[in-house]
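S.K.: Got a structure here, written out as structure tokens. Questions coming.
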Amino acid sequence: MKWHFSPKRPSDKTRDPIAGEFFSSDAIKNAGEALVREGIQNSLDARLDKDAGVARVRIYVSGKRGAIAARDMERWTDGIWPHLHAPKNGLKQGMFSQAGPCSYLAFEDFETTGLTGDAECCEAVEGDKNAFFYFFRAEGKTEKSGDDRGRWGIGKQVFPRSSRAQMYFGYTETDVASLLMGGCILKYHKVGDVTLKPDGYFGLQKEIDGDQFTIPASDPEVIDAFRKTFRL
């Protein structure tokens, strides 16, 4: 597994992501408030029993004392560093050190459905429930409706916005499988002479119609190592 960003094709419009602007400083008091509010709304919507069930949430902030050593992060940052250091990528430069420890935040929920659906689906299918697709592969779109608390497909933006690197991992357990994938939302940026799209993914590569498509890992050894590294 490693990080992958797709090259910009000549026909692609240069368009930087704007969904995070819904959580600008004018819209919320602070990023922590938005994370707690929107994250819990998503957990409540995903309760196993939506009428009378309870979702349990754990939020862990490592701080410096619980930060992960650089050598233990190498497996989870493979391929990302040229993109984090690329000029005009939308990040504050000088904020990252490949040799330093990594502090992190973990948001877990329990007694919920997990991210269900076809994890290798590359576009929405009318009538199909696919929480995995809408979390990782859709922006400004959602399958929620009716009485669901979050219906705009924007609440998930609190996770990358909580990271100085705009980077997050999604680990889910469902009745079908345990899956792990990562995301990083930058601006269009260059690594060498190649212009790359804003959205990067951490996972395995699969070819679909001549394109390289990132899919999640389900290998028990990978899942176990991830859980141990991030103390889940």
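Residues in the structure tokens are named by chain (A, B, ... in the order shown) and by number from 1 within that chain; ligands are numbered from 1 in the order shown.
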If we count only C-alpha atoms, what is near Gly117 in chain A at a cut-off of 7 Å, once residues fewer than 5 positions away on the same chain are taken out, given as JSON, numbers by chain?
M.R.: {"A": [129, 130, 131, 132]}
S.K.: Report as a PyMOL selection string all protein, DNA and RNA residues lying within 10 Å of Arg9 in chain A, evaluated on only C-alpha atoms, omitting residues in the same chain fewer than 4 positions from it.
M.R.: chain A and resi 13-14+195-197
S.K.: Report as a ChimeraX atom specification all protein, DNA and RNA residues lying within 12 Å of Phe110 in chain A, evaluated on only C-alpha atoms, omitting residues in the same chain fewer than 3 positions from it.
M.R.: /A:40,42-44,46-49,53-59,107,113-114,172-174,232
S.K.: To one decimal place, how far is CA of Ala217 in chain A from CA of Leu180 in chain A in Å?
M.R.: 5.2 Å
S.K.: Could you tell me, as a PDB file with N, CA, C and O atoms, in the first residue's frame, which residues of range 8-141 of chain A DSSP assigns to helix (DSSP H, G or I) when given the backbone?
M.R.:
ATOM      1  N   ALA A  19     -15.008  22.338  -0.871  1.00  0.00           N
ATOM      2  CA  ALA A  19     -15.971  21.853   0.128  1.00  0.00           C
ATOM      3  C   ALA A  19     -15.574  22.263   1.531  1.00  0.00           C
ATOM      4  O   ALA A  19     -16.417  22.540   2.385  1.00  0.00           O
ATOM      5  N   GLY A  20     -14.286  22.321   1.815  1.00  0.00           N
ATOM      6  CA  GLY A  20     -13.829  22.691   3.143  1.00  0.00           C
ATOM      7  C   GLY A  20     -14.195  24.103   3.542  1.00  0.00           C
ATOM      8  O   GLY A  20     -14.211  24.447   4.722  1.00  0.00           O
ATOM      9  N   GLU A  21     -14.518  24.955   2.551  1.00  0.00           N
ATOM     10  CA  GLU A  21     -14.879  26.334   2.870  1.00  0.00           C
ATOM     11  C   GLU A  21     -16.196  26.421   3.628  1.00  0.00           C
ATOM     12  O   GLU A  21     -16.513  27.454   4.214  1.00  0.00           O
ATOM     13  N   PHE A  22     -16.993  25.356   3.599  1.00  0.00           N
ATOM     14  CA  PHE A  22     -18.217  25.345   4.401  1.00  0.00           C
ATOM     15  C   PHE A  22     -17.895  25.414   5.886  1.00  0.00           C
ATOM     16  O   PHE A  22     -18.744  25.730   6.703  1.00  0.00           O
ATOM     17  N   PHE A  23     -16.635  25.106   6.246  1.00  0.00           N
ATOM     18  CA  PHE A  23     -16.211  25.146   7.635  1.00  0.00           C
ATOM     19  C   PHE A  23     -15.181  26.249   7.843  1.00  0.00           C
ATOM     20  O   PHE A  23     -14.231  26.098   8.584  1.00  0.00           O
ATOM     21  N   ALA A  31     -12.349  24.694  14.766  1.00  0.00           N
ATOM     22  CA  ALA A  31     -12.338  23.424  14.043  1.00  0.00           C
ATOM     23  C   ALA A  31     -12.712  22.254  14.950  1.00  0.00           C
ATOM     24  O   ALA A  31     -13.333  21.288  14.506  1.00  0.00           O
ATOM     25  N   GLY A  32     -12.332  22.332  16.240  1.00  0.00           N
ATOM     26  CA  GLY A  32     -12.658  21.257  17.166  1.00  0.00           C
ATOM     27  C   GLY A  32     -14.159  21.103  17.352  1.00  0.00           C
ATOM     28  O   GLY A  32     -14.676  19.987  17.421  1.00  0.00           O
ATOM     29  N   GLU A  33     -14.845  22.230  17.429  1.00  0.00           N
ATOM     30  CA  GLU A  33     -16.297  22.192  17.579  1.00  0.00           C
ATOM     31  C   GLU A  33     -16.951  21.516  16.376  1.00  0.00           C
ATOM     32  O   GLU A  33     -17.862  20.702  16.519  1.00  0.00           O
ATOM     33  N   ALA A  34     -16.457  21.863  15.182  1.00  0.00           N
ATOM     34  CA  ALA A  34     -17.025  21.277  13.963  1.00  0.00           C
ATOM     35  C   ALA A  34     -16.764  19.777  13.909  1.00  0.00           C
ATOM     36  O   ALA A  34     -17.636  18.998  13.511  1.00  0.00           O
ATOM     37  N   LEU A  35     -15.564  19.358  14.298  1.00  0.00           N
ATOM     38  CA  LEU A  35     -15.228  17.932  14.269  1.00  0.00           C
ATOM     39  C   LEU A  35     -16.159  17.142  15.171  1.00  0.00           C
ATOM     40  O   LEU A  35     -16.710  16.112  14.768  1.00  0.00           O
ATOM     41  N   VAL A  36     -16.346  17.604  16.403  1.00  0.00           N
ATOM     42  CA  VAL A  36     -17.198  16.887  17.353  1.00  0.00           C
ATOM     43  C   VAL A  36     -18.638  16.863  16.860  1.00  0.00           C
ATOM     44  O   VAL A  36     -19.289  15.806  16.839  1.00  0.00           O
ATOM     45  N   ARG A  37     -19.146  18.027  16.433  1.00  0.00           N
ATOM     46  CA  ARG A  37     -20.543  18.104  16.007  1.00  0.00           C
ATOM     47  C   ARG A  37     -20.820  17.242  14.772  1.00  0.00           C
ATOM     48  O   ARG A  37     -21.722  16.409  14.770  1.00  0.00           O
ATOM     49  N   GLU A  38     -20.043  17.455  13.718  1.00  0.00           N
ATOM     50  CA  GLU A  38     -20.303  16.752  12.461  1.00  0.00           C
ATOM     51  C   GLU A  38     -19.970  15.261  12.562  1.00  0.00           C
ATOM     52  O   GLU A  38     -20.685  14.425  11.998  1.00  0.00           O
ATOM     53  N   GLY A  39     -18.890  14.921  13.282  1.00  0.00           N
ATOM     54  CA  GLY A  39     -18.533  13.519  13.436  1.00  0.00           C
ATOM     55  C   GLY A  39     -19.604  12.745  14.174  1.00  0.00           C
ATOM     56  O   GLY A  39     -19.957  11.621  13.784  1.00  0.00           O
ATOM     57  N   ILE A  40     -20.130  13.329  15.234  1.00  0.00           N
ATOM     58  CA  ILE A  40     -21.174  12.654  16.011  1.00  0.00           C
ATOM     59  C   ILE A  40     -22.470  12.548  15.212  1.00  0.00           C
ATOM     60  O   ILE A  40     -23.187  11.545  15.292  1.00  0.00           O
ATOM     61  N   GLN A  41     -22.782  13.572  14.422  1.00  0.00           N
ATOM     62  CA  GLN A  41     -23.970  13.480  13.571  1.00  0.00           C
ATOM     63  C   GLN A  41     -23.863  12.288  12.625  1.00  0.00           C
ATOM     64  O   GLN A  41     -24.823  11.533  12.431  1.00  0.00           O
ATOM     65  N   ASN A  42     -22.688  12.113  12.026  1.00  0.00           N
ATOM     66  CA  ASN A  42     -22.498  10.968  11.132  1.00  0.00           C
ATOM     67  C   ASN A  42     -22.662   9.648  11.875  1.00  0.00           C
ATOM     68  O   ASN A  42     -23.242   8.686  11.350  1.00  0.00           O
ATOM     69  N   SER A  43     -22.137   9.585  13.110  1.00  0.00           N
ATOM     70  CA  SER A  43     -22.245   8.353  13.894  1.00  0.00           C
ATOM     71  C   SER A  43     -23.689   8.050  14.259  1.00  0.00           C
ATOM     72  O   SER A  43     -24.130   6.892  14.220  1.00  0.00           O
ATOM     73  N   LEU A  44     -24.441   9.071  14.613  1.00  0.00           N
ATOM     74  CA  LEU A  44     -25.848   8.872  14.952  1.00  0.00           C
ATOM     75  C   LEU A  44     -26.639   8.379  13.746  1.00  0.00           C
ATOM     76  O   LEU A  44     -27.505   7.508  13.860  1.00  0.00           O
ATOM     77  N   ASP A  45     -26.341   8.921  12.575  1.00  0.00           N
ATOM     78  CA  ASP A  45     -27.031   8.490  11.360  1.00  0.00           C
ATOM     79  C   ASP A  45     -26.709   7.046  10.997  1.00  0.00           C
ATOM     80  O   ASP A  45     -27.477   6.397  10.291  1.00  0.00           O
ATOM     81  N   ALA A  70       8.710   8.288  13.824  1.00  0.00           N
ATOM     82  CA  ALA A  70       8.835   8.371  12.362  1.00  0.00           C
ATOM     83  C   ALA A  70       8.999   6.990  11.723  1.00  0.00           C
ATOM     84  O   ALA A  70       8.401   6.713  10.678  1.00  0.00           O
ATOM     85  N   ARG A  71       9.779   6.117  12.348  1.00  0.00           N
ATOM     86  CA  ARG A  71      10.009   4.789  11.757  1.00  0.00           C
ATOM     87  C   ARG A  71       8.720   3.973  11.714  1.00  0.00           C
ATOM     88  O   ARG A  71       8.535   3.122  10.831  1.00  0.00           O
ATOM     89  N   ASP A  72       7.811   4.203  12.674  1.00  0.00           N
ATOM     90  CA  ASP A  72       6.549   3.470  12.688  1.00  0.00           C
ATOM     91  C   ASP A  72       5.527   4.067  11.729  1.00  0.00           C
ATOM     92  O   ASP A  72       4.514   3.426  11.412  1.00  0.00           O
ATOM     93  N   MET A  73       5.770   5.308  11.272  1.00  0.00           N
ATOM     94  CA  MET A  73       4.866   5.948  10.322  1.00  0.00           C
ATOM     95  C   MET A  73       5.247   5.682   8.877  1.00  0.00           C
ATOM     96  O   MET A  73       4.465   5.962   7.959  1.00  0.00           O
ATOM     97  N   GLU A  74       6.441   5.148   8.646  1.00  0.00           N
ATOM     98  CA  GLU A  74       6.918   4.971   7.272  1.00  0.00           C
ATOM     99  C   GLU A  74       5.954   4.143   6.422  1.00  0.00           C
ATOM    100  O   GLU A  74       5.740   4.437   5.244  1.00  0.00           O
ATOM    101  N   ARG A  75       5.390   3.132   7.029  1.00  0.00           N
ATOM    102  CA  ARG A  75       4.465   2.259   6.282  1.00  0.00           C
ATOM    103  C   ARG A  75       3.217   3.011   5.827  1.00  0.00           C
ATOM    104  O   ARG A  75       2.641   2.698   4.775  1.00  0.00           O
ATOM    105  N   TRP A  76       2.801   4.004   6.603  1.00  0.00           N
ATOM    106  CA  TRP A  76       1.538   4.699   6.342  1.00  0.00           C
ATOM    107  C   TRP A  76       1.732   6.015   5.583  1.00  0.00           C
ATOM    108  O   TRP A  76       0.743   6.664   5.239  1.00  0.00           O
ATOM    109  N   TRP A  81       5.330  12.092   0.737  1.00  0.00           N
ATOM    110  CA  TRP A  81       6.177  13.240   1.055  1.00  0.00           C
ATOM    111  C   TRP A  81       6.432  14.192  -0.110  1.00  0.00           C
ATOM    112  O   TRP A  81       6.414  15.420   0.078  1.00  0.00           O
ATOM    113  N   PRO A  82       6.671  13.733  -1.323  1.00  0.00           N
ATOM    114  CA  PRO A  82       6.849  14.692  -2.421  1.00  0.00           C
ATOM    115  C   PRO A  82       5.625  15.599  -2.622  1.00  0.00           C
ATOM    116  O   PRO A  82       5.766  16.745  -3.037  1.00  0.00           O
ATOM    117  N   HIS A  83       4.449  15.094  -2.295  1.00  0.00           N
ATOM    118  CA  HIS A  83       3.220  15.873  -2.458  1.00  0.00           C
ATOM    119  C   HIS A  83       3.041  16.876  -1.313  1.00  0.00           C
ATOM    120  O   HIS A  83       2.599  18.006  -1.538  1.00  0.00           O
ATOM    121  N   LEU A  84       3.392  16.467  -0.102  1.00  0.00           N
ATOM    122  CA  LEU A  84       3.284  17.383   1.034  1.00  0.00           C
ATOM    123  C   LEU A  84       4.279  18.533   0.932  1.00  0.00           C
ATOM    124  O   LEU A  84       4.043  19.620   1.458  1.00  0.00           O
ATOM    125  N   ALA A 131     -22.249   3.701   1.421  1.00  0.00           N
ATOM    126  CA  ALA A 131     -21.634   4.683   2.310  1.00  0.00           C
ATOM    127  C   ALA A 131     -20.136   4.815   2.052  1.00  0.00           C
ATOM    128  O   ALA A 131     -19.571   5.907   2.181  1.00  0.00           O
ATOM    129  N   PHE A 132     -19.472   3.715   1.682  1.00  0.00           N
ATOM    130  CA  PHE A 132     -18.033   3.779   1.403  1.00  0.00           C
ATOM    131  C   PHE A 132     -17.762   4.711   0.229  1.00  0.00           C
ATOM    132  O   PHE A 132     -16.876   5.556   0.292  1.00  0.00           O
ATOM    133  N   PHE A 133     -18.522   4.572  -0.835  1.00  0.00           N
ATOM    134  CA  PHE A 133     -18.340   5.429  -2.009  1.00  0.00           C
ATOM    135  C   PHE A 133     -18.533   6.895  -1.636  1.00  0.00           C
ATOM    136  O   PHE A 133     -17.723   7.755  -1.999  1.00  0.00           O
ATOM    137  N   TYR A 134     -19.588   7.217  -0.929  1.00  0.00           N
ATOM    138  CA  TYR A 134     -19.893   8.617  -0.633  1.00  0.00           C
ATOM    139  C   TYR A 134     -18.891   9.229   0.345  1.00  0.00           C
ATOM    140  O   TYR A 134     -18.646  10.430   0.303  1.00  0.00           O
ATOM    141  N   PHE A 135     -18.294   8.410   1.204  1.00  0.00           N
ATOM    142  CA  PHE A 135     -17.300   8.947   2.128  1.00  0.00           C
ATOM    143  C   PHE A 135     -15.995   9.260   1.413  1.00  0.00           C
ATOM    144  O   PHE A 135     -15.407  10.323   1.596  1.00  0.00           O
ATOM    145  N   PHE A 136     -15.528   8.347   0.587  1.00  0.00           N
ATOM    146  CA  PHE A 136     -14.203   8.486  -0.022  1.00  0.00           C
ATOM    147  C   PHE A 136     -14.211   9.116  -1.413  1.00  0.00           C
ATOM    148  O   PHE A 136     -13.274   9.826  -1.785  1.00  0.00           O
TER     149      PHE A 136
END
S.K.: Would you pick out the contacts of range 198-213 of chain A at 6 Å or less, using only C-alpha atoms, so that residues sharing its chain but fewer than 6 positions from it are not included, and give the list as an MDAnalysis selection string?
M.R.: chainID A and resid 1:5 181:188
S.K.: For N, CA, C and O atoms, I'd like the residues from the last selection saved as a PDB file, in the first residue's frame.
M.R.:
ATOM      1  N   MET A   1       0.845  -1.194   0.000  1.00  0.00           N
ATOM      2  CA  MET A   1       0.000   0.000   0.000  1.00  0.00           C
ATOM      3  C   MET A   1       0.879   1.243   0.000  1.00  0.00           C
ATOM      4  O   MET A   1       1.921   1.276   0.649  1.00  0.00           O
ATOM      5  N   LYS A   2       0.440   2.261  -0.740  1.00  0.00           N
ATOM      6  CA  LYS A   2       1.147   3.525  -0.728  1.00  0.00           C
ATOM      7  C   LYS A   2       0.188   4.629  -1.185  1.00  0.00           C
ATOM      8  O   LYS A   2      -0.955   4.363  -1.557  1.00  0.00           O
ATOM      9  N   TRP A   3       0.689   5.865  -1.174  1.00  0.00           N
ATOM     10  CA  TRP A   3      -0.118   7.010  -1.589  1.00  0.00           C
ATOM     11  C   TRP A   3      -0.016   7.215  -3.093  1.00  0.00           C
ATOM     12  O   TRP A   3       1.061   7.099  -3.671  1.00  0.00           O
ATOM     13  N   HIS A   4      -1.159   7.542  -3.712  1.00  0.00           N
ATOM     14  CA  HIS A   4      -1.215   7.745  -5.153  1.00  0.00           C
ATOM     15  C   HIS A   4      -1.982   9.031  -5.464  1.00  0.00           C
ATOM     16  O   HIS A   4      -3.066   9.268  -4.927  1.00  0.00           O
ATOM     17  N   PHE A   5      -1.420   9.870  -6.341  1.00  0.00           N
ATOM     18  CA  PHE A   5      -2.102  11.034  -6.912  1.00  0.00           C
ATOM     19  C   PHE A   5      -2.108  10.849  -8.425  1.00  0.00           C
ATOM     20  O   PHE A   5      -1.081  10.498  -9.013  1.00  0.00           O
ATOM     21  N   MET A 181      -8.414   2.486   3.961  1.00  0.00           N
ATOM     22  CA  MET A 181      -7.983   3.331   2.865  1.00  0.00           C
ATOM     23  C   MET A 181      -7.692   4.717   3.439  1.00  0.00           C
ATOM     24  O   MET A 181      -8.120   5.037   4.550  1.00  0.00           O
ATOM     25  N   GLY A 182      -6.950   5.521   2.714  1.00  0.00           N
ATOM     26  CA  GLY A 182      -6.631   6.862   3.183  1.00  0.00           C
ATOM     27  C   GLY A 182      -6.928   7.895   2.121  1.00  0.00           C
ATOM     28  O   GLY A 182      -7.054   7.575   0.936  1.00  0.00           O
ATOM     29  N   GLY A 183      -7.034   9.158   2.551  1.00  0.00           N
ATOM     30  CA  GLY A 183      -7.275  10.249   1.623  1.00  0.00           C
ATOM     31  C   GLY A 183      -6.452  11.469   2.003  1.00  0.00           C
ATOM     32  O   GLY A 183      -6.109  11.664   3.173  1.00  0.00           O
ATOM     33  N   CYS A 184      -6.113  12.274   1.021  1.00  0.00           N
ATOM     34  CA  CYS A 184      -5.393  13.528   1.240  1.00  0.00           C
ATOM     35  C   CYS A 184      -5.901  14.528   0.215  1.00  0.00           C
ATOM     36  O   CYS A 184      -5.923  14.232  -0.987  1.00  0.00           O
ATOM     37  N   ILE A 185      -6.340  15.704   0.672  1.00  0.00           N
ATOM     38  CA  ILE A 185      -6.940  16.689  -0.222  1.00  0.00           C
ATOM     39  C   ILE A 185      -6.045  17.924  -0.294  1.00  0.00           C
ATOM     40  O   ILE A 185      -5.980  18.725   0.647  1.00  0.00           O
ATOM     41  N   LEU A 186      -5.342  18.065  -1.394  1.00  0.00           N
ATOM     42  CA  LEU A 186      -4.469  19.211  -1.621  1.00  0.00           C
ATOM     43  C   LEU A 186      -5.062  20.083  -2.731  1.00  0.00           C
ATOM     44  O   LEU A 186      -6.231  19.950  -3.074  1.00  0.00           O
ATOM     45  N   LYS A 187      -4.253  20.964  -3.275  1.00  0.00           N
ATOM     46  CA  LYS A 187      -4.605  21.678  -4.494  1.00  0.00           C
ATOM     47  C   LYS A 187      -3.848  21.017  -5.650  1.00  0.00           C
ATOM     48  O   LYS A 187      -2.989  20.168  -5.441  1.00  0.00           O
ATOM     49  N   TYR A 188      -4.199  21.414  -6.877  1.00  0.00           N
ATOM     50  CA  TYR A 188      -3.374  20.974  -8.000  1.00  0.00           C
ATOM     51  C   TYR A 188      -1.936  21.358  -7.706  1.00  0.00           C
ATOM     52  O   TYR A 188      -1.659  22.473  -7.260  1.00  0.00           O
TER      53      TYR A 188
END
S.K.: Based on DSSP run over this structure's backbone, return all residues of range 20-140 of chain A in strand (DSSP E), as number ranges by chain.
M.R.: A: 56-61, 105-110
S.K.: Could those residues be written to a file, using N, CA and C atoms, as a PDB file, in the first residue's frame?
M.R.:
ATOM      1  N   ARG A  56     -21.748   4.776  20.371  1.00  0.00           N
ATOM      2  CA  ARG A  56     -20.692   5.189  21.292  1.00  0.00           C
ATOM      3  C   ARG A  56     -19.530   5.754  20.495  1.00  0.00           C
ATOM      4  N   VAL A  57     -19.009   6.885  20.938  1.00  0.00           N
ATOM      5  CA  VAL A  57     -17.941   7.587  20.218  1.00  0.00           C
ATOM      6  C   VAL A  57     -16.715   7.738  21.109  1.00  0.00           C
ATOM      7  N   ARG A  58     -15.538   7.503  20.555  1.00  0.00           N
ATOM      8  CA  ARG A  58     -14.271   7.721  21.248  1.00  0.00           C
ATOM      9  C   ARG A  58     -13.425   8.687  20.428  1.00  0.00           C
ATOM     10  N   ILE A  59     -13.011   9.785  21.045  1.00  0.00           N
ATOM     11  CA  ILE A  59     -12.129  10.755  20.387  1.00  0.00           C
ATOM     12  C   ILE A  59     -10.830  10.796  21.169  1.00  0.00           C
ATOM     13  N   TYR A  60      -9.733  10.490  20.492  1.00  0.00           N
ATOM     14  CA  TYR A  60      -8.428  10.425  21.143  1.00  0.00           C
ATOM     15  C   TYR A  60      -7.470  11.395  20.467  1.00  0.00           C
ATOM     16  N   VAL A  61      -6.848  12.247  21.246  1.00  0.00           N
ATOM     17  CA  VAL A  61      -5.846  13.189  20.747  1.00  0.00           C
ATOM     18  C   VAL A  61      -4.503  12.781  21.326  1.00  0.00           C
ATOM     19  N   LEU A 105      -5.053  12.429  15.647  1.00  0.00           N
ATOM     20  CA  LEU A 105      -6.360  12.389  16.297  1.00  0.00           C
ATOM     21  C   LEU A 105      -7.108  11.175  15.762  1.00  0.00           C
ATOM     22  N   ALA A 106      -7.734  10.417  16.647  1.00  0.00           N
ATOM     23  CA  ALA A 106      -8.535   9.261  16.237  1.00  0.00           C
ATOM     24  C   ALA A 106      -9.989   9.494  16.634  1.00  0.00           C
ATOM     25  N   PHE A 107     -10.889   9.324  15.689  1.00  0.00           N
ATOM     26  CA  PHE A 107     -12.329   9.427  15.934  1.00  0.00           C
ATOM     27  C   PHE A 107     -12.925   8.064  15.613  1.00  0.00           C
ATOM     28  N   GLU A 108     -13.414   7.371  16.631  1.00  0.00           N
ATOM     29  CA  GLU A 108     -13.986   6.036  16.443  1.00  0.00           C
ATOM     30  C   GLU A 108     -15.450   6.024  16.873  1.00  0.00           C
ATOM     31  N   ASP A 109     -16.262   5.242  16.167  1.00  0.00           N
ATOM     32  CA  ASP A 109     -17.620   5.018  16.668  1.00  0.00           C
ATOM     33  C   ASP A 109     -17.920   3.526  16.694  1.00  0.00           C
ATOM     34  N   PHE A 110     -18.844   3.169  17.550  1.00  0.00           N
ATOM     35  CA  PHE A 110     -19.200   1.771  17.804  1.00  0.00           C
ATOM     36  C   PHE A 110     -20.719   1.632  17.823  1.00  0.00           C
TER      37      PHE A 110
END
S.K.: Looking at only C-alpha atoms, which of A:Arg227, A:Glu126, A:Gln98, A:Pro160 is the one that sits closest to Gly79 in chain A?
M.R.: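 Looking at the shortest contact to Gly79 in chain A, the residue is A:Gln98.
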S.K.: I need the residue nearest Glu120 in chain A from this list: A:Lys228, A:Asp16, A:Gln93, A:Leu179. Use only C-alpha atoms for the distance.
M.R.: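 Answer, going by the shortest atom-to-atom distance: A:Leu179.
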S.K.: Figure out the distance between CA of Val176 in chain A and CA of Pro220 in chain A, please, to one decimal in Å.
M.R.: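 One can read the CA of Pro220 in chain A to CA of Val176 in chain A distance as 13.5 Å.
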S.K.: Here is a test: counting only C-alpha atoms, which residue of A:Val194, A:Ala225, A:Ala138, A:Ala119 is nearest to Ala177 in chain A?
M.R.: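 Nearest to Ala177 in chain A: A:Ala119.
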S.K.: Report, in Å with one decimal, the straight-line distance from CA of Ile80 in chain A to CA of Thr214 in chain A.
M.R.: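 A separation of 14.4 Å between them.
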